[in-house]
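What follows is a set of notes on a single structure, which appears directly below.
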Amino acid sequence: FTKRSHKIIILSQKKTSQETIKTSIMMCACSTISSSAAPLTTTKPTRPYTEYNIFFQLEREYILQVLLAVEPTYEPHEIFHPSQPSYRGPNLPPRYAELVLPNDWYVPGKEKRRKRRHRKSHGAIGFHELSLKIADAWKKVDDESRTFCAVLSDIGMLEYKSAMRKFKMSTAGQEGIADDCENANTKAAKKPSKKTNDAAKKSPPVEITPIPFEIPSLHD
């Protein structure tokens, strides 16, 4: 029984534990999503964030707030709370637990719905350098943070698929109603009503009597 074998067993047990946690969270999320009676919508849903997209959002705030000491400028009602009704994911991992996040940080397409708040970094870091730092951090991310990002991404995909089904049902219903209206209008234009036909049958024909007309003489 070598040290290598012992290390493999520990890693295997650790991976199994993470998979168990992930499965448990996903089962709770599936139950919540399936039991929610969201109305049909005619707005096409936005594709969810990937695992890395979620990590990017969190690590960006971590670099700004923790490493660069940039104060967040969100209003109290704009701040994220894990207990808010719109959020169905797990609690933030320890690395990001103390961050001040916007309440829709995990929602894709938020820039389209609201004007993006200008975030001052005091010239301490540019977007390109920030992106490189985040990509480097992703290579060495801790297991708990990676699992969190994976679970939240999977939950987002479940919600997306559910919303897409409702969107397709709503779109199909709208198209069906439009087709029915168009067919009804076409039939009404082509086929006269029964009352009109009956009235035409009962009405006697109208006789036109010619009126005599004399052309006056030019000599008078």
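Residues in the structure tokens are named by chain (A, B, ... in the order shown) and by number from 1 within that chain; ligands are numbered from 1 in the order shown.
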
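Residues in contact with A:Met164 at up to 7 Å, not including ones fewer than 4 positions away on its chain and judged by only C-alpha atoms, are Pro45, Tyr160 and Lys168 of chain A.
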
With a distance cut-off of 6 Å and only C-alpha atoms, select the neighbouring residues of stretch 75-85 of chain A, excluding the residue or stretch itself and same-chain residues fewer than 6 positions from it, and output the selection as a short mmCIF file (atom, residue, chain, number, x, y, z; two decimals) with all heavy atoms, in the first residue's frame.
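Wrote result11.cif, looks like this:
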```cif
data_model
loop_
_atom_site.label_atom_id
_atom_site.label_comp_id
_atom_site.auth_asym_id
_atom_site.auth_seq_id
_atom_site.Cartn_x
_atom_site.Cartn_y
_atom_site.Cartn_z
N LEU A 101 -22.25 41.95 -3.98
CA LEU A 101 -22.58 41.67 -5.38
C LEU A 101 -23.92 42.30 -5.75
O LEU A 101 -24.79 42.45 -4.88
CB LEU A 101 -22.65 40.16 -5.61
CG LEU A 101 -21.39 39.35 -5.28
CD1 LEU A 101 -21.72 37.86 -5.30
CD2 LEU A 101 -20.28 39.66 -6.27
N PRO A 102 -24.11 42.64 -7.02
CA PRO A 102 -25.44 43.10 -7.45
C PRO A 102 -26.42 41.94 -7.40
O PRO A 102 -26.03 40.77 -7.55
CB PRO A 102 -25.20 43.57 -8.89
CG PRO A 102 -23.99 42.83 -9.34
CD PRO A 102 -23.13 42.66 -8.12
N ASN A 103 -27.69 42.24 -7.17
CA ASN A 103 -28.68 41.16 -6.95
C ASN A 103 -28.94 40.29 -8.17
O ASN A 103 -29.57 39.24 -8.07
CB ASN A 103 -30.00 41.73 -6.43
CG ASN A 103 -30.54 42.82 -7.33
OD1 ASN A 103 -30.19 42.91 -8.51
ND2 ASN A 103 -31.37 43.69 -6.78
#
```

Check: Nearest to A:Ala124 among A:Ala172, A:Leu64, A:Ala137, A:Ala150, with distances taken over only C-alpha atoms: which residue is it?
Finding: A:Leu64

Check: Near stretch 58-61 of chain A, counting only C-alpha atoms, which residues have an atom at most 12 Å away, once you skip same-chain residues fewer than 2 positions from it, shown as number ranges by chain?
Finding: A: 51-56, 63-73, 92-102, 105-106, 119, 121, 125-138, 141, 145-146, 148-149

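Taking only C-alpha atoms, the non-local environment of A:Val107 within 10 Å (same-chain residues fewer than 4 positions away omitted) comprises Thr46, Arg47, Pro48, Tyr49, Ile54, Ser86, Tyr87, Asn103, Glu111 and Gly156 of chain A.
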
Notebook entry, point to check: Out of stretch 46-103 of chain A, which residues get helix (DSSP H, G or I) from DSSP, as an NGL selection string?
Noted result: :A and (51-67 or 76-78 or 94-96)
